[in-house]
$ cat start_37.txt   # compact mmCIF, C-alpha atoms and all ligand atoms
# COMPACT_ATOMS: atom_id res chain seq x y z
CA MET A 1 -138.94 -158.94 -4.07
CA ASP A 2 -137.75 -162.49 -4.77
CA ILE A 3 -139.00 -162.19 -8.35
CA LEU A 4 -137.11 -158.93 -8.75
CA LEU A 5 -133.92 -160.46 -7.36
CA SER A 6 -134.11 -163.50 -9.63
CA ALA A 7 -134.75 -161.25 -12.65
CA LEU A 8 -131.67 -159.26 -11.69
CA ALA A 9 -129.65 -162.46 -11.33
CA VAL A 10 -130.65 -163.56 -14.86
CA GLU A 11 -129.74 -160.14 -16.24
CA PHE A 12 -126.37 -160.25 -14.47
CA ARG A 13 -125.66 -163.71 -15.89
CA ASN A 14 -126.51 -162.49 -19.40
CA ILE A 15 -124.09 -159.59 -19.00
CA LEU A 16 -121.37 -161.96 -17.80
CA ASN A 17 -121.91 -164.21 -20.84
CA ILE A 18 -121.51 -161.21 -23.14
CA TRP A 19 -118.25 -160.37 -21.40
CA LEU A 20 -116.78 -163.85 -21.93
CA SER A 21 -114.23 -163.70 -24.74
CA PRO A 22 -114.21 -166.47 -27.41
CA ASP A 23 -111.16 -167.97 -25.66
CA ASP A 24 -113.04 -167.98 -22.35
CA LEU A 25 -116.01 -169.65 -24.00
CA LEU A 26 -113.75 -172.25 -25.60
CA ALA A 27 -112.00 -172.91 -22.30
CA LYS A 28 -115.37 -173.27 -20.60
CA HIS A 29 -116.44 -175.79 -23.22
CA THR A 30 -113.24 -177.81 -23.57
CA THR A 31 -113.12 -178.58 -19.85
CA LYS A 32 -116.32 -180.64 -20.16
CA ALA A 33 -116.10 -184.42 -20.27
CA PHE A 34 -116.91 -186.16 -23.58
CA PRO A 35 -120.04 -188.37 -23.18
CA ASP A 36 -118.87 -191.99 -22.84
CA ARG A 37 -121.96 -193.80 -21.59
CA VAL A 38 -122.86 -197.15 -23.19
CA SER A 39 -125.76 -199.60 -23.30
CA GLN A 40 -126.44 -201.58 -20.09
CA ASN A 41 -126.69 -204.81 -22.09
CA PRO A 42 -124.07 -204.67 -24.88
CA GLU A 43 -124.56 -208.21 -26.22
CA ARG A 44 -128.33 -207.88 -26.58
CA ARG A 45 -127.89 -204.48 -28.21
CA SER A 46 -125.27 -205.76 -30.63
CA GLY A 47 -127.59 -208.60 -31.73
CA LYS A 48 -130.44 -206.13 -32.20
CA VAL A 49 -128.37 -203.66 -34.24
CA SER A 50 -126.91 -206.43 -36.43
CA GLY A 51 -130.35 -207.98 -36.90
CA ASN A 52 -131.91 -204.68 -37.95
CA ALA A 53 -129.14 -203.71 -40.36
CA PRO A 54 -130.23 -205.89 -43.33
CA ASN A 55 -133.86 -204.72 -42.94
CA THR A 56 -133.15 -200.98 -42.83
CA PRO A 57 -135.09 -199.24 -45.63
CA GLU A 58 -133.00 -198.48 -48.69
CA LYS A 59 -132.49 -194.92 -49.81
CA ILE A 60 -134.97 -194.30 -52.62
CA LYS A 61 -134.53 -191.84 -55.42
CA GLU A 62 -137.69 -190.66 -57.17
CA THR A 63 -137.24 -188.56 -60.24
CA LYS A 64 -139.50 -185.52 -60.18
CA ASN A 65 -138.20 -182.09 -61.11
CA ARG A 66 -135.25 -182.92 -58.90
CA THR A 67 -134.06 -186.13 -57.29
CA VAL A 68 -135.59 -186.64 -53.86
CA ASP A 69 -135.58 -189.43 -51.32
CA PRO A 70 -139.06 -189.67 -49.68
CA GLU A 71 -137.59 -191.46 -46.64
CA TYR A 72 -135.00 -188.74 -46.04
CA GLY A 73 -136.92 -186.51 -43.58
CA GLU A 74 -138.02 -189.31 -41.28
CA ALA A 75 -134.64 -191.06 -41.40
CA GLN A 76 -132.86 -187.80 -40.65
CA GLY A 77 -135.14 -187.22 -37.63
CA GLU A 78 -134.37 -190.71 -36.32
CA ALA A 79 -130.65 -190.17 -36.86
CA ARG A 80 -130.74 -186.89 -34.91
CA GLU A 81 -132.52 -188.55 -31.98
CA TYR A 82 -130.00 -191.39 -32.08
CA LEU A 83 -127.03 -188.99 -32.02
CA GLU A 84 -128.58 -186.90 -29.24
CA SER A 85 -128.85 -190.05 -27.13
CA TRP A 86 -125.05 -190.53 -27.27
CA TYR A 87 -123.59 -187.03 -27.67
CA MET A 88 -125.81 -184.82 -25.52
CA ASP A 89 -124.72 -184.56 -21.91
CA GLU A 90 -126.86 -184.13 -18.81
CA ASP A 91 -126.73 -180.32 -19.22
CA LYS A 92 -128.36 -180.75 -22.68
CA GLU A 93 -125.17 -179.64 -24.38
CA MET A 94 -124.49 -181.38 -27.68
CA PHE A 95 -120.94 -182.45 -28.44
CA CYS A 96 -119.38 -182.24 -31.89
CA GLN A 97 -117.36 -185.40 -32.59
CA LEU A 98 -114.55 -183.37 -34.16
CA CYS A 99 -114.50 -180.40 -31.72
CA GLN A 100 -114.88 -183.03 -28.95
CA ALA A 101 -116.57 -180.22 -27.03
CA PRO A 102 -120.09 -178.80 -26.83
CA GLN A 103 -120.64 -176.88 -30.00
CA PRO A 104 -121.81 -173.31 -29.47
CA VAL A 105 -124.50 -172.71 -32.13
CA VAL A 106 -128.01 -172.54 -30.65
CA LEU A 107 -131.22 -172.46 -32.74
CA ASP A 108 -134.70 -172.34 -31.19
CA ARG A 109 -133.02 -172.73 -27.78
CA LYS A 110 -131.60 -176.09 -28.83
CA PRO A 111 -127.98 -176.83 -29.66
CA TYR A 112 -127.68 -176.99 -33.43
CA PHE A 113 -125.75 -179.84 -34.99
CA GLU A 114 -125.71 -181.65 -38.31
CA ALA A 115 -126.18 -185.40 -38.78
CA VAL A 116 -123.66 -186.26 -41.50
CA ASP A 117 -123.08 -189.59 -43.31
CA CYS A 118 -119.97 -191.18 -41.80
CA VAL A 119 -119.15 -193.83 -44.45
CA VAL A 120 -120.48 -192.18 -47.59
CA GLY A 121 -122.17 -194.23 -50.31
CA ILE A 122 -124.09 -196.72 -48.15
CA ASN A 123 -127.43 -197.03 -49.86
CA SER A 124 -129.58 -197.39 -46.70
CA HIS A 125 -130.62 -195.09 -43.87
CA HIS A 126 -128.65 -196.22 -40.84
CA ALA A 127 -128.81 -193.80 -37.90
CA GLU A 128 -125.62 -195.52 -36.69
CA ASN A 129 -123.80 -194.34 -39.84
CA LYS A 130 -124.23 -190.68 -38.93
CA LEU A 131 -121.86 -188.31 -37.18
CA ALA A 132 -122.85 -185.46 -34.86
CA LEU A 133 -120.92 -182.46 -36.12
CA CYS A 134 -121.00 -178.69 -35.67
CA PRO A 135 -121.81 -176.77 -38.89
CA ASN A 136 -118.13 -175.96 -39.60
CA HIS A 137 -116.94 -179.51 -39.18
CA ALA A 138 -119.96 -180.84 -41.10
CA ALA A 139 -118.93 -178.73 -44.09
CA MET A 140 -115.29 -179.81 -43.71
CA TYR A 141 -116.19 -183.49 -43.44
CA ARG A 142 -118.55 -183.44 -46.43
CA ASN A 143 -116.14 -181.61 -48.71
CA SER A 144 -112.83 -183.13 -47.71
CA GLY A 145 -112.67 -185.84 -50.38
CA LEU A 146 -112.43 -188.67 -47.82
CA LYS A 147 -112.50 -192.13 -49.39
CA PRO A 148 -115.36 -194.22 -47.95
CA ASP A 149 -113.22 -197.40 -47.96
CA ASP A 150 -110.56 -195.66 -45.85
CA VAL A 151 -113.13 -194.44 -43.29
CA HIS A 152 -114.69 -197.93 -43.20
CA ARG A 153 -111.30 -199.53 -42.51
CA LEU A 154 -110.31 -196.98 -39.84
CA ILE A 155 -113.61 -197.55 -38.01
CA LEU A 156 -113.11 -201.31 -37.89
CA GLU A 157 -109.43 -201.00 -36.90
CA CYS A 158 -109.43 -198.26 -34.26
CA ASN A 159 -109.13 -199.40 -30.66
CA ASN A 160 -109.71 -196.27 -28.60
CA GLN A 161 -112.83 -194.66 -30.11
CA ARG A 162 -110.71 -192.14 -32.03
CA ILE A 163 -109.68 -192.07 -35.66
CA SER A 164 -107.25 -189.66 -37.27
CA LEU A 165 -108.37 -188.08 -40.52
CA ASN A 166 -106.98 -185.58 -42.93
CA LEU A 167 -109.77 -183.23 -43.96
CA ALA A 168 -108.55 -181.20 -46.92
CA GLY A 169 -105.10 -180.70 -45.39
CA ASN A 170 -106.25 -180.44 -41.76
CA GLU A 171 -105.20 -183.23 -39.40
CA VAL A 172 -108.16 -183.91 -37.12
CA GLU A 173 -109.29 -186.56 -34.67
CA LEU A 174 -112.83 -187.94 -34.88
CA ARG A 175 -114.01 -189.24 -31.53
CA PHE A 176 -116.88 -191.69 -31.02
CA ASN A 177 -119.00 -192.50 -28.04
CA PRO A 178 -118.08 -196.18 -27.35
CA GLN A 179 -121.64 -197.42 -27.89
CA HIS A 180 -122.02 -195.51 -31.15
CA LEU A 181 -118.76 -197.03 -32.42
CA ARG A 182 -119.94 -200.55 -31.51
CA ASP A 183 -123.30 -199.98 -33.22
CA LEU A 184 -121.64 -198.61 -36.35
CA ARG A 185 -119.23 -201.55 -36.54
CA ASP A 186 -122.17 -203.94 -36.19
CA VAL A 187 -123.96 -202.25 -39.09
CA LEU A 188 -120.88 -202.21 -41.34
CA THR A 189 -120.10 -205.85 -40.54
CA ALA A 190 -123.73 -206.96 -41.07
CA ARG A 191 -123.82 -205.22 -44.46
CA ASN A 192 -120.63 -207.00 -45.56
CA ARG A 193 -121.94 -210.46 -44.78
ZN ZN A 201 -116.94 -179.24 -34.51
$ encode --input "start_37.txt" --output "structure tokens"
Amino acid sequence: MDILLSALAVEFRNILNIWLSPDDLLAKHTTKAFPDRVSQNPERRSGKVSGNAPNTPEKIKETKNRTVDPEYGEAQGEAREYLESWYMDEDKEMFCQLCQAPQPVVLDRKPYFEAVDCVVGINSHHAENKLALCPNHAAMYRNSGLKPDDVHRLILECNNQRISLNLAGNEVELRFNPQHLRDLRDVLTARNR
């Protein structure tokens, strides 16, 4: 009987989810708090991130039939884990840094997101230089014609974890988890030394 009741409860919840309009879903998502946790030991972490930055493997291009980077798959996996550690909340919902809300696409029962180069043109795989974006915002960010020097400057200058960007005519706000922003600044600063 209990099994039957719990099966009915699941079914009822599924029906309710179908009935939620897109606006309801958005409202449900936008009321959630953006993940703001940081490292317990910021100074030690900062030293570690800065120390690793010069030793991070360079992006390699091998010419076969097409240009491929043999490190890409592994580096991308590491970047995804890194981003999940800062942008996934305790309910396992993954926040998009531009939506600033859990993004709704689910693949294989996991929230789908893209790990996109933040400052484009850096010739090494730094997980810290990736953004967690939903597929729509990933496409917007990649194709917006942002100048890497401008993004670099905004990241070093911003003082509240948010930077304003114009993505192909759309004014948007990119929000960082505080620890991610610190890590990224450490990498950019270490590379400029
Ligand atoms: Zn988004």
$ residues_near_ligand --input "start_37.txt" --ligand "ligand ZN 201 (chain A)" --cutoff "12 Å" --atoms "only C-alpha atoms and all ligand atoms" --output "VMD selection string"
chain A and resid 26 29 to 30 94 to 105 112 to 116 131 to 141 172 to 175
$ closest_residue --input "start_37.txt" --among "A:Arg191, A:Leu156, A:Lys59, A:Pro111" --to "Tyr87 of chain A" --atoms "only C-alpha atoms"
A:Pro111
$ residues_around --input "start_37.txt" --residues "Asp36 of chain A" --least-positions-apart "6" --cutoff "9 Å" --atoms "all atoms listed in the file" --output "PDB file with C-alpha atoms, in the frame of the given file"
ATOM      1  CA  TRP A  86    -125.050-190.530 -27.270  1.00  0.00           C
ATOM      2  CA  TYR A  87    -123.590-187.030 -27.670  1.00  0.00           C
ATOM      3  CA  PHE A 176    -116.880-191.690 -31.020  1.00  0.00           C
ATOM      4  CA  ASN A 177    -119.000-192.500 -28.040  1.00  0.00           C
ATOM      5  CA  PRO A 178    -118.080-196.180 -27.350  1.00  0.00           C
ATOM      6  CA  GLN A 179    -121.640-197.420 -27.890  1.00  0.00           C
TER       7      GLN A 179
END
$ atom_distance --input "start_37.txt" --atom1 "atom CA of Leu167 of chain A" --atom2 "atom CA of His152 of chain A"
15.5 Å
$ atom_distance --input "start_37.txt" --atom1 "atom CA of Cys118 of chain A" --atom2 "atom CA of Lys130 of chain A"
5.2 Å
$ atom_distance --input "start_37.txt" --atom1 "atom CA of Val120 of chain A" --atom2 "atom CA of Arg182 of chain A"
18.1 Å
$ closest_residue --input "start_37.txt" --among "A:Ala33, A:Leu146, A:Ala127, A:Leu181" --to "Met88 of chain A" --atoms "all atoms listed in the file"
A:Ala33
$ residues_around --input "start_37.txt" --residues "Arg185 of chain A" --least-positions-apart "5" --cutoff "12 Å" --atoms "all atoms listed in the file" --output "ChimeraX atom specification"
/A:46-47,49-50,53,118-119,126,128-129,151-159,161,176,178-180,190-192
$ closest_residue --input "start_37.txt" --among "A:Arg142, A:Ser164, A:Asn52, A:Pro57" --to "Val187 of chain A" --atoms "all atoms listed in the file"
A:Asn52
$ axis_aligned_box --input "start_37.txt" --around "segment 104-108 of chain A" --padding-each-side "4 Å" --output "lines of an AutoDock Vina configuration file"
center_x = -128.3
center_y = -172.8
center_z = -31.1
size_x = 20.9
size_y = 9.0
size_z = 11.3
$ closest_residue --input "start_37.txt" --among "A:Gly73, A:Pro54, A:Gly169, A:Pro35" --to "Ser124 of chain A" --atoms "all atoms listed in the file"
A:Pro54
$ residues_around --input "start_37.txt" --residues "Tyr72 of chain A" --least-positions-apart "2" --cutoff "10 Å" --atoms "all atoms listed in the file" --output "MDAnalysis selection string"
chainID A and resid 59:61 68:70 74:78 125
$ closest_residue --input "start_37.txt" --among "A:Arg37, A:Lys147, A:Arg162, A:Asp117" --to "Asp89 of chain A" --atoms "only C-alpha atoms"
A:Arg37
$ closest_residue --input "start_37.txt" --among "A:Pro42, A:Gly121, A:Pro148, A:Gly51" --to "Leu165 of chain A" --atoms "all atoms listed in the file"
A:Pro148
